[in-house]
Amino acid sequence: MDMPRVIEIANGARVPGSFSETEMNARLGQLRALMADTGVAVALFTSYHNICYYGAFLYCKFGRDYALVVDRDRITSVSANIDGGQPWRRSFGGRNLVYTDWQRGNYFAALQQLIEDGATVGIERDHLTLETLDRLEAALPGCTFVDIGAGAMRLRLVKSAEEIAHITEMARIADIGGAACVEAIAPGVGEHEVALHATRAMVREIARTWPHAELMDTWTWFQSGLNTDGAHNPVTSRKIARGDILSLNCFPMVAGYYVALERTLFCGQASDAHFRLWEINCRVHDAGKELLVPGARCCDVARALNRIYAEHDLLGYRTFGYGHSFGVLCHYYGREAGLELREDVETVLEPGMVVSMEPMIVLPEGQPGAGGYREHDILVITEDGNRNITGFPYGPEHNIIRN
């Protein structure tokens, strides 16, 4: 049976993008400048974040490979036949090439149509598996492959005005999710019920604000008691008890971008030990926000905050860095590792960067004040300081919930 390896599916009308054509072309202009500087004729992106950032399409992998191929003149997304015409409707730049399931190597057949053998090709080595890289080299044996993953990440660190407006609106929606969490908190209520209530509130507001958007991946992690010891611990059906330490984590997702609202709360009351630790963590949070200004180095911010914890003999209970960049990233893809508030990152903060301040300490079970404490705000670095786009209150004055 002779079936096509590659097809095109221009089904229906294109969907309005979340970002303007001017914005998307500006991103491609910066990318093509990077390509020229590195001697790359073709950029081959395979990651969720770069395909979304440059091509406006967020794929669902499910065991299949995707790509965005950018040369000096055109941009083409490569998707699997299982997605139908949706990638064409969503992608920026015109052409979408679809590979079929009739033969397993059809993904590479699509790339062979778009990339001239012998070209210098920019790839993301931090995203390609060894098997995929081997098969890519076999499909294009005359090509030279150059890693542009780190360079592309650096281009994403400083956000455009449209990106900042988009992220700011999403932070507003995260605050709505936080308020819904508070509404649902009460003794005897399961973590999952609180999380569901918050997620529903955010999804409904996203649908109202961006009627053209895909409603996917918005989520809430709500943790209680022992479950607060990890920032990424999943929701369980554990029921809240009076006096529990609680962790609220609301994450709206729109157009591949996510933002975060994270807060420490207590159900009904907090012990003296809990109260003391919570206040110290809030002090670190306040000091950290003041340090996020143009010219500050990420490593220096981390070291300054370490000293505050050390003064209270709490540095050993700190669990991760103090914050990170926001943009095209999510819990299952992406990370702008060049902008993390860690002791080993020397990146200098610039206007247009968007970074969180999220100090966290964890006291193990059995110790006074046991549990995880974390506050999280998102700040836009400005010419003369920063602008906090998170509005939800924090600290003992606001978040002892007595429903």
# chains A, B, ... in the order shown; residues from 1 in each chain; ligands from 1
>>> residues_around(residues="segment 100-104 of chain A", least_positions_apart="5", cutoff="9 Å", atoms="only C-alpha atoms", output="ChimeraX atom specification")
/A:3-7,80-82
>>> residues_around(residues="Ile167 of chain A", least_positions_apart="5", cutoff="12 Å", atoms="only C-alpha atoms", output="short mmCIF file (atom, residue, chain, number, x, y, z; two decimals) with N, CA and C atoms, in the first residue's frame")
data_model
loop_
_atom_site.label_atom_id
_atom_site.label_comp_id
_atom_site.auth_asym_id
_atom_site.auth_seq_id
_atom_site.Cartn_x
_atom_site.Cartn_y
_atom_site.Cartn_z
N SER A 18 -2.51 34.97 20.17
CA SER A 18 -2.48 35.72 21.44
C SER A 18 -1.52 36.90 21.37
N PHE A 19 -0.60 36.87 20.41
CA PHE A 19 0.34 37.97 20.22
C PHE A 19 0.22 38.47 18.78
N LYS A 159 11.52 40.36 28.22
CA LYS A 159 10.18 40.26 27.65
C LYS A 159 9.80 41.55 26.92
N SER A 160 9.00 41.39 25.89
CA SER A 160 8.47 42.54 25.15
C SER A 160 7.32 43.16 25.94
N ALA A 161 6.87 44.31 25.48
CA ALA A 161 5.72 44.97 26.12
C ALA A 161 4.48 44.09 26.04
N GLU A 162 4.29 43.40 24.90
CA GLU A 162 3.12 42.51 24.78
C GLU A 162 3.21 41.34 25.75
N ARG A 172 -3.27 38.56 37.38
CA ARG A 172 -4.58 38.93 37.91
C ARG A 172 -5.46 37.70 38.05
N ILE A 173 -5.40 36.82 37.07
CA ILE A 173 -6.22 35.61 37.10
C ILE A 173 -5.73 34.65 38.19
N ALA A 174 -4.42 34.60 38.41
CA ALA A 174 -3.90 33.78 39.50
C ALA A 174 -4.45 34.26 40.84
N PHE A 251 -1.91 28.23 39.14
CA PHE A 251 -1.11 28.36 37.93
C PHE A 251 -1.99 28.47 36.69
N PRO A 252 -2.41 29.66 36.32
CA PRO A 252 -3.11 29.80 35.03
C PRO A 252 -2.15 29.64 33.86
N MET A 253 -2.64 29.04 32.78
CA MET A 253 -1.85 28.82 31.57
C MET A 253 -2.60 29.39 30.38
N VAL A 254 -1.94 30.27 29.63
CA VAL A 254 -2.52 30.85 28.42
C VAL A 254 -1.42 30.97 27.37
N ALA A 255 -1.65 30.38 26.19
CA ALA A 255 -0.73 30.49 25.05
C ALA A 255 0.68 30.00 25.39
N GLY A 256 0.76 28.95 26.20
CA GLY A 256 2.06 28.40 26.56
C GLY A 256 2.74 29.09 27.71
N TYR A 257 2.20 30.18 28.18
CA TYR A 257 2.75 30.93 29.31
C TYR A 257 2.03 30.52 30.59
N TYR A 258 2.80 30.39 31.67
CA TYR A 258 2.14 30.20 32.95
C TYR A 258 2.67 31.22 33.94
N VAL A 259 1.83 31.57 34.89
CA VAL A 259 2.27 32.38 36.02
C VAL A 259 1.92 31.63 37.30
N ALA A 260 2.42 32.11 38.42
CA ALA A 260 2.22 31.40 39.68
C ALA A 260 1.83 32.37 40.79
N SER A 325 12.77 33.06 36.19
CA SER A 325 12.14 33.81 35.11
C SER A 325 10.75 33.26 34.81
N PHE A 326 9.91 34.13 34.28
CA PHE A 326 8.59 33.71 33.79
C PHE A 326 8.47 34.02 32.32
N GLY A 327 7.72 33.18 31.61
CA GLY A 327 7.53 33.35 30.18
C GLY A 327 6.93 32.09 29.62
N VAL A 328 7.50 31.57 28.52
CA VAL A 328 7.01 30.33 27.92
C VAL A 328 7.61 29.17 28.69
N LEU A 329 6.93 28.75 29.74
CA LEU A 329 7.40 27.62 30.53
C LEU A 329 6.25 27.08 31.35
N GLY A 352 12.72 44.73 31.76
CA GLY A 352 12.02 43.82 30.86
C GLY A 352 12.07 42.38 31.28
N MET A 353 12.97 42.04 32.20
CA MET A 353 12.96 40.68 32.74
C MET A 353 11.80 40.54 33.71
N VAL A 354 11.27 39.33 33.80
CA VAL A 354 10.17 39.04 34.71
C VAL A 354 10.62 37.88 35.59
N VAL A 355 10.66 38.11 36.89
CA VAL A 355 11.26 37.11 37.79
C VAL A 355 10.45 37.03 39.08
N ILE A 378 5.46 37.85 41.61
CA ILE A 378 6.10 38.01 40.29
C ILE A 378 6.38 39.50 40.08
N LEU A 379 7.62 39.81 39.71
CA LEU A 379 8.03 41.20 39.55
C LEU A 379 8.60 41.45 38.16
N VAL A 380 8.21 42.57 37.58
CA VAL A 380 8.76 43.02 36.31
C VAL A 380 9.89 44.00 36.62
N ASN A 388 5.63 45.01 41.06
CA ASN A 388 5.05 43.75 41.53
C ASN A 388 3.67 43.58 40.90
N ILE A 389 3.48 42.49 40.14
CA ILE A 389 2.19 42.28 39.48
C ILE A 389 1.32 41.26 40.22
N THR A 390 1.77 40.81 41.38
CA THR A 390 0.97 39.91 42.22
C THR A 390 0.27 40.74 43.28
#
>>> residues_around(residues="segment 29-35 of chain A", least_positions_apart="6", cutoff="9 Å", atoms="only C-alpha atoms", output="list in words")
Ala41, Val42, Ala43, Tyr54, Val70, Asp71, Arg72, Gly122, Ile148, Gly151, Ala152 and Leu155 of chain A
>>> write_last_selection(atoms="all heavy atoms", output="PDB file, in the first residue's frame")
ATOM      1  N   ALA A  41      22.174  28.356   9.005  1.00  0.00           N
ATOM      2  CA  ALA A  41      21.257  28.627   7.894  1.00  0.00           C
ATOM      3  C   ALA A  41      19.816  28.291   8.245  1.00  0.00           C
ATOM      4  O   ALA A  41      18.879  28.932   7.754  1.00  0.00           O
ATOM      5  CB  ALA A  41      21.692  27.838   6.661  1.00  0.00           C
ATOM      6  N   VAL A  42      19.643  27.275   9.079  1.00  0.00           N
ATOM      7  CA  VAL A  42      18.311  26.796   9.435  1.00  0.00           C
ATOM      8  C   VAL A  42      18.276  26.519  10.934  1.00  0.00           C
ATOM      9  O   VAL A  42      19.191  25.877  11.470  1.00  0.00           O
ATOM     10  CB  VAL A  42      17.952  25.497   8.683  1.00  0.00           C
ATOM     11  CG1 VAL A  42      16.541  25.027   9.058  1.00  0.00           C
ATOM     12  CG2 VAL A  42      18.073  25.675   7.184  1.00  0.00           C
ATOM     13  N   ALA A  43      17.234  27.007  11.609  1.00  0.00           N
ATOM     14  CA  ALA A  43      17.018  26.666  13.024  1.00  0.00           C
ATOM     15  C   ALA A  43      15.958  25.575  13.085  1.00  0.00           C
ATOM     16  O   ALA A  43      14.879  25.712  12.497  1.00  0.00           O
ATOM     17  CB  ALA A  43      16.570  27.889  13.815  1.00  0.00           C
ATOM     18  N   TYR A  54       8.270  30.950  19.060  1.00  0.00           N
ATOM     19  CA  TYR A  54       8.491  31.453  17.696  1.00  0.00           C
ATOM     20  C   TYR A  54       7.378  31.081  16.723  1.00  0.00           C
ATOM     21  O   TYR A  54       7.214  31.744  15.696  1.00  0.00           O
ATOM     22  CB  TYR A  54       9.828  30.932  17.160  1.00  0.00           C
ATOM     23  CG  TYR A  54      11.016  31.503  17.886  1.00  0.00           C
ATOM     24  CD1 TYR A  54      11.772  30.714  18.750  1.00  0.00           C
ATOM     25  CD2 TYR A  54      11.370  32.843  17.742  1.00  0.00           C
ATOM     26  CE1 TYR A  54      12.859  31.238  19.439  1.00  0.00           C
ATOM     27  CE2 TYR A  54      12.441  33.378  18.433  1.00  0.00           C
ATOM     28  CZ  TYR A  54      13.189  32.573  19.280  1.00  0.00           C
ATOM     29  OH  TYR A  54      14.257  33.103  19.969  1.00  0.00           O
ATOM     30  N   VAL A  70      12.966  27.124  10.878  1.00  0.00           N
ATOM     31  CA  VAL A  70      13.062  28.543  10.522  1.00  0.00           C
ATOM     32  C   VAL A  70      14.310  28.750   9.687  1.00  0.00           C
ATOM     33  O   VAL A  70      15.419  28.413  10.116  1.00  0.00           O
ATOM     34  CB  VAL A  70      13.130  29.437  11.783  1.00  0.00           C
ATOM     35  CG1 VAL A  70      13.179  30.916  11.384  1.00  0.00           C
ATOM     36  CG2 VAL A  70      11.952  29.166  12.714  1.00  0.00           C
ATOM     37  N   ASP A  71      14.136  29.295   8.480  1.00  0.00           N
ATOM     38  CA  ASP A  71      15.297  29.700   7.692  1.00  0.00           C
ATOM     39  C   ASP A  71      15.228  31.205   7.477  1.00  0.00           C
ATOM     40  O   ASP A  71      14.458  31.900   8.146  1.00  0.00           O
ATOM     41  CB  ASP A  71      15.401  28.914   6.380  1.00  0.00           C
ATOM     42  CG  ASP A  71      14.196  29.086   5.465  1.00  0.00           C
ATOM     43  OD1 ASP A  71      13.507  30.130   5.570  1.00  0.00           O
ATOM     44  OD2 ASP A  71      13.939  28.194   4.647  1.00  0.00           O
ATOM     45  N   ARG A  72      15.983  31.737   6.551  1.00  0.00           N
ATOM     46  CA  ARG A  72      16.040  33.195   6.377  1.00  0.00           C
ATOM     47  C   ARG A  72      14.757  33.771   5.797  1.00  0.00           C
ATOM     48  O   ARG A  72      14.511  34.977   5.893  1.00  0.00           O
ATOM     49  CB  ARG A  72      17.233  33.557   5.496  1.00  0.00           C
ATOM     50  CG  ARG A  72      18.579  33.250   6.156  1.00  0.00           C
ATOM     51  CD  ARG A  72      19.755  33.681   5.282  1.00  0.00           C
ATOM     52  NE  ARG A  72      21.032  33.380   5.922  1.00  0.00           N
ATOM     53  CZ  ARG A  72      21.715  32.255   5.749  1.00  0.00           C
ATOM     54  NH1 ARG A  72      21.222  31.317   4.948  1.00  0.00           N
ATOM     55  NH2 ARG A  72      22.864  32.058   6.367  1.00  0.00           N
ATOM     56  N   GLY A 122      20.878  24.799  13.298  1.00  0.00           N
ATOM     57  CA  GLY A 122      20.863  25.073  14.732  1.00  0.00           C
ATOM     58  C   GLY A 122      19.851  24.186  15.426  1.00  0.00           C
ATOM     59  O   GLY A 122      18.698  24.097  14.997  1.00  0.00           O
ATOM     60  N   ILE A 148      22.051  25.903  19.453  1.00  0.00           N
ATOM     61  CA  ILE A 148      21.619  27.288  19.670  1.00  0.00           C
ATOM     62  C   ILE A 148      20.610  27.374  20.817  1.00  0.00           C
ATOM     63  O   ILE A 148      19.960  28.406  21.004  1.00  0.00           O
ATOM     64  CB  ILE A 148      21.022  27.917  18.396  1.00  0.00           C
ATOM     65  CG1 ILE A 148      19.799  27.139  17.919  1.00  0.00           C
ATOM     66  CG2 ILE A 148      22.072  28.029  17.301  1.00  0.00           C
ATOM     67  CD1 ILE A 148      19.001  27.866  16.844  1.00  0.00           C
ATOM     68  N   GLY A 151      21.491  30.177  23.323  1.00  0.00           N
ATOM     69  CA  GLY A 151      21.313  31.481  22.691  1.00  0.00           C
ATOM     70  C   GLY A 151      19.852  31.852  22.547  1.00  0.00           C
ATOM     71  O   GLY A 151      19.452  32.997  22.791  1.00  0.00           O
ATOM     72  N   ALA A 152      19.022  30.881  22.167  1.00  0.00           N
ATOM     73  CA  ALA A 152      17.586  31.140  22.040  1.00  0.00           C
ATOM     74  C   ALA A 152      16.975  31.454  23.401  1.00  0.00           C
ATOM     75  O   ALA A 152      16.088  32.309  23.512  1.00  0.00           O
ATOM     76  CB  ALA A 152      16.896  29.943  21.404  1.00  0.00           C
ATOM     77  N   LEU A 155      17.512  35.046  24.363  1.00  0.00           N
ATOM     78  CA  LEU A 155      16.609  35.957  23.667  1.00  0.00           C
ATOM     79  C   LEU A 155      15.256  36.038  24.362  1.00  0.00           C
ATOM     80  O   LEU A 155      14.567  37.058  24.281  1.00  0.00           O
ATOM     81  CB  LEU A 155      16.413  35.511  22.219  1.00  0.00           C
ATOM     82  CG  LEU A 155      17.628  35.592  21.284  1.00  0.00           C
ATOM     83  CD1 LEU A 155      17.248  35.090  19.896  1.00  0.00           C
ATOM     84  CD2 LEU A 155      18.175  37.011  21.217  1.00  0.00           C
TER      85      LEU A 155
END
>>> residues_around(residues="Arg154 of chain A", least_positions_apart="2", cutoff="10 Å", atoms="only C-alpha atoms", output="PyMOL selection string")
chain A and resi 149-152+156-158+336-339
>>> write_last_selection(atoms="N, CA and C atoms", output="PDB file, in the first residue's frame")
ATOM      1  N   GLY A 149      20.493  26.304  21.606  1.00  0.00           N
ATOM      2  CA  GLY A 149      19.514  26.288  22.690  1.00  0.00           C
ATOM      3  C   GLY A 149      19.748  27.392  23.700  1.00  0.00           C
ATOM      4  N   ALA A 150      21.001  27.552  24.153  1.00  0.00           N
ATOM      5  CA  ALA A 150      21.296  28.580  25.159  1.00  0.00           C
ATOM      6  C   ALA A 150      21.102  29.980  24.580  1.00  0.00           C
ATOM      7  N   GLY A 151      21.491  30.177  23.323  1.00  0.00           N
ATOM      8  CA  GLY A 151      21.313  31.481  22.691  1.00  0.00           C
ATOM      9  C   GLY A 151      19.852  31.852  22.547  1.00  0.00           C
ATOM     10  N   ALA A 152      19.022  30.881  22.167  1.00  0.00           N
ATOM     11  CA  ALA A 152      17.586  31.140  22.040  1.00  0.00           C
ATOM     12  C   ALA A 152      16.975  31.454  23.401  1.00  0.00           C
ATOM     13  N   ARG A 156      14.865  34.976  25.065  1.00  0.00           N
ATOM     14  CA  ARG A 156      13.560  34.958  25.728  1.00  0.00           C
ATOM     15  C   ARG A 156      13.584  35.636  27.093  1.00  0.00           C
ATOM     16  N   LEU A 157      14.761  35.927  27.641  1.00  0.00           N
ATOM     17  CA  LEU A 157      14.845  36.427  29.016  1.00  0.00           C
ATOM     18  C   LEU A 157      14.260  37.827  29.175  1.00  0.00           C
ATOM     19  N   VAL A 158      14.470  38.694  28.208  1.00  0.00           N
ATOM     20  CA  VAL A 158      13.910  40.056  28.275  1.00  0.00           C
ATOM     21  C   VAL A 158      12.586  40.046  27.519  1.00  0.00           C
ATOM     22  N   GLU A 336      13.901  28.742  31.861  1.00  0.00           N
ATOM     23  CA  GLU A 336      14.885  29.732  31.455  1.00  0.00           C
ATOM     24  C   GLU A 336      15.964  29.762  32.532  1.00  0.00           C
ATOM     25  N   ALA A 337      16.832  28.745  32.462  1.00  0.00           N
ATOM     26  CA  ALA A 337      17.794  28.509  33.540  1.00  0.00           C
ATOM     27  C   ALA A 337      18.788  29.649  33.703  1.00  0.00           C
ATOM     28  N   GLY A 338      18.934  30.498  32.693  1.00  0.00           N
ATOM     29  CA  GLY A 338      19.853  31.620  32.802  1.00  0.00           C
ATOM     30  C   GLY A 338      19.375  32.723  33.724  1.00  0.00           C
ATOM     31  N   LEU A 339      18.128  32.650  34.154  1.00  0.00           N
ATOM     32  CA  LEU A 339      17.577  33.673  35.051  1.00  0.00           C
ATOM     33  C   LEU A 339      16.916  32.983  36.239  1.00  0.00           C
TER      34      LEU A 339
END
>>> atom_distance(atom1="atom CA of Gly369 of chain A", atom2="atom CA of Lys289 of chain A")
24.8 Å
>>> residues_around(residues="Val293 of chain A", least_positions_apart="3", cutoff="12 Å", atoms="only C-alpha atoms", output="MDAnalysis selection string")
chainID A and resid 287:290 296:298 300:301 348:355 379:388
>>> write_last_selection(atoms="N, CA, C and O atoms", output="CSV table (one decimal), in the first residue's frame")
chain,number,residue,atom,x,y,z
A,287,ALA,N,12.6,41.3,51.8
A,287,ALA,CA,14.0,41.8,51.5
A,287,ALA,C,14.3,41.4,50.1
A,287,ALA,O,15.0,42.2,49.3
A,288,GLY,N,13.9,40.2,49.6
A,288,GLY,CA,14.2,39.8,48.3
A,288,GLY,C,13.6,40.7,47.2
A,288,GLY,O,14.3,41.0,46.2
A,289,LYS,N,12.4,41.1,47.4
A,289,LYS,CA,11.7,41.9,46.4
A,289,LYS,C,12.5,43.3,46.3
A,289,LYS,O,12.6,43.8,45.2
A,290,GLU,N,13.0,43.8,47.4
A,290,GLU,CA,13.8,45.0,47.3
A,290,GLU,C,15.1,44.9,46.5
A,290,GLU,O,15.6,45.9,46.0
A,296,ALA,N,21.5,44.2,39.5
A,296,ALA,CA,21.7,43.2,40.5
A,296,ALA,C,22.0,41.9,39.8
A,296,ALA,O,21.4,41.5,38.8
A,297,ARG,N,23.0,41.1,40.4
A,297,ARG,CA,23.3,39.8,39.9
A,297,ARG,C,22.4,38.7,40.7
A,297,ARG,O,22.2,38.9,41.9
A,298,CYS,N,22.0,37.7,39.9
A,298,CYS,CA,21.2,36.7,40.6
A,298,CYS,C,21.9,36.1,41.8
A,298,CYS,O,21.3,35.9,42.8
A,300,ASP,N,24.2,37.3,43.7
A,300,ASP,CA,24.3,38.2,44.9
A,300,ASP,C,23.0,38.3,45.6
A,300,ASP,O,23.0,38.5,46.9
A,301,VAL,N,21.8,38.3,44.9
A,301,VAL,CA,20.5,38.3,45.6
A,301,VAL,C,20.4,37.1,46.5
A,301,VAL,O,20.0,37.1,47.6
A,348,VAL,N,22.9,39.3,35.1
A,348,VAL,CA,22.6,40.6,35.7
A,348,VAL,C,21.1,41.0,35.3
A,348,VAL,O,20.8,40.8,34.1
A,349,LEU,N,20.4,41.4,36.2
A,349,LEU,CA,19.0,41.8,36.0
A,349,LEU,C,18.9,43.0,35.1
A,349,LEU,O,19.7,44.0,35.3
A,350,GLU,N,18.0,43.0,34.1
A,350,GLU,CA,17.8,44.1,33.2
A,350,GLU,C,16.3,44.4,33.1
A,350,GLU,O,15.4,43.6,33.4
A,351,PRO,N,16.0,45.7,32.8
A,351,PRO,CA,14.6,46.1,32.5
A,351,PRO,C,13.9,45.2,31.5
A,351,PRO,O,14.5,44.8,30.5
A,352,GLY,N,12.7,44.7,31.8
A,352,GLY,CA,12.0,43.8,30.9
A,352,GLY,C,12.1,42.4,31.3
A,352,GLY,O,11.3,41.6,30.8
A,353,MET,N,13.0,42.0,32.2
A,353,MET,CA,13.0,40.7,32.7
A,353,MET,C,11.8,40.5,33.7
A,353,MET,O,11.4,41.5,34.4
A,354,VAL,N,11.3,39.3,33.8
A,354,VAL,CA,10.2,39.0,34.7
A,354,VAL,C,10.6,37.9,35.6
A,354,VAL,O,10.9,36.8,35.1
A,355,VAL,N,10.7,38.1,36.9
A,355,VAL,CA,11.3,37.1,37.8
A,355,VAL,C,10.4,37.0,39.1
A,355,VAL,O,9.9,38.0,39.5
A,379,LEU,N,7.6,39.8,39.7
A,379,LEU,CA,8.0,41.2,39.6
A,379,LEU,C,8.6,41.4,38.2
A,379,LEU,O,9.4,40.6,37.6
A,380,VAL,N,8.2,42.6,37.6
A,380,VAL,CA,8.8,43.0,36.3
A,380,VAL,C,9.9,44.0,36.6
A,380,VAL,O,9.7,45.0,37.3
A,381,ILE,N,11.1,43.7,36.1
A,381,ILE,CA,12.2,44.7,36.4
A,381,ILE,C,12.0,45.9,35.5
A,381,ILE,O,11.8,45.8,34.3
A,382,THR,N,12.1,47.1,36.1
A,382,THR,CA,11.9,48.3,35.4
A,382,THR,C,13.2,49.1,35.3
A,382,THR,O,14.2,48.6,35.8
A,383,GLU,N,13.1,50.3,34.7
A,383,GLU,CA,14.4,51.1,34.6
A,383,GLU,C,14.9,51.5,35.9
A,383,GLU,O,16.1,51.6,36.1
A,384,ASP,N,14.0,51.7,36.9
A,384,ASP,CA,14.5,52.2,38.2
A,384,ASP,C,14.1,51.3,39.4
A,384,ASP,O,14.2,51.7,40.5
A,385,GLY,N,13.8,50.1,39.1
A,385,GLY,CA,13.4,49.2,40.2
A,385,GLY,C,12.7,48.0,39.7
A,385,GLY,O,13.1,47.2,38.9
A,386,ASN,N,11.5,47.8,40.3
A,386,ASN,CA,10.6,46.7,39.8
A,386,ASN,C,9.1,47.1,40.0
A,386,ASN,O,8.8,48.0,40.8
A,387,ARG,N,8.3,46.3,39.4
A,387,ARG,CA,6.8,46.4,39.6
A,387,ARG,C,6.3,45.1,39.9
A,387,ARG,O,6.4,44.1,39.2
A,388,ASN,N,5.6,45.0,41.1
A,388,ASN,CA,5.1,43.8,41.5
A,388,ASN,C,3.7,43.6,40.9
A,388,ASN,O,2.8,44.4,41.1
>>> select_by_dssp(residues="segment 31-220 of chain A", states="strand (DSSP E or B)", output="PyMOL selection string")
chain A and resi 42-45+67-70+75-80+94-99+120-123+144-147+158+190+219-220
>>> residues_around(residues="Glu365 of chain A", least_positions_apart="6", cutoff="12 Å", atoms="only C-alpha atoms", output="MDAnalysis selection string")
chainID A and resid 225:229 245 371:372
>>> write_last_selection(atoms="N, CA, C and O atoms", output="compact mmCIF listing (two decimals), in the first residue's frame")
# COMPACT_ATOMS: atom_id res chain seq x y z
N GLY A 225 -0.65 20.23 55.70
CA GLY A 225 0.11 19.44 56.65
C GLY A 225 1.43 18.96 56.09
O GLY A 225 2.20 19.72 55.50
N LEU A 226 1.72 17.68 56.25
CA LEU A 226 2.97 17.09 55.78
C LEU A 226 3.18 17.31 54.29
O LEU A 226 4.32 17.44 53.81
N ASN A 227 2.10 17.38 53.53
CA ASN A 227 2.20 17.52 52.07
C ASN A 227 2.80 18.85 51.62
O ASN A 227 3.11 19.03 50.44
N THR A 228 2.96 19.80 52.54
CA THR A 228 3.53 21.11 52.17
C THR A 228 5.06 21.07 52.08
O THR A 228 5.66 22.10 51.79
N ASP A 229 5.69 19.92 52.32
CA ASP A 229 7.16 19.90 52.37
C ASP A 229 7.82 20.01 51.01
O ASP A 229 9.02 20.25 50.92
N ILE A 245 -0.91 23.71 58.56
CA ILE A 245 -0.24 24.59 57.62
C ILE A 245 -0.71 24.21 56.22
O ILE A 245 -0.89 23.03 55.91
N GLY A 371 6.60 21.91 58.63
CA GLY A 371 5.87 22.19 57.40
C GLY A 371 6.68 23.05 56.46
O GLY A 371 7.81 23.45 56.76
N GLY A 372 6.11 23.31 55.29
CA GLY A 372 6.78 24.12 54.28
C GLY A 372 6.17 25.50 54.20
O GLY A 372 4.94 25.66 54.17
>>> residues_around(residues="segment 74-77 of chain A", least_positions_apart="6", cutoff="8 Å", atoms="only C-alpha atoms", output="PyMOL selection string")
chain A and resi 51+55+66-68+87+91+93-97
>>> closest_residue(among="A:Ser79, A:Ser237, A:Thr199, A:Ser20", to="Leu58 of chain A", atoms="only C-alpha atoms")
A:Ser79
>>> atom_distance(atom1="atom CA of Ser47 of chain A", atom2="atom CA of Glu124 of chain A")
7.7 Å
>>> closest_residue(among="A:Ile176, A:Tyr53, A:Gly230, A:Asp344", to="Arg204 of chain A", atoms="only C-alpha atoms")
A:Ile176
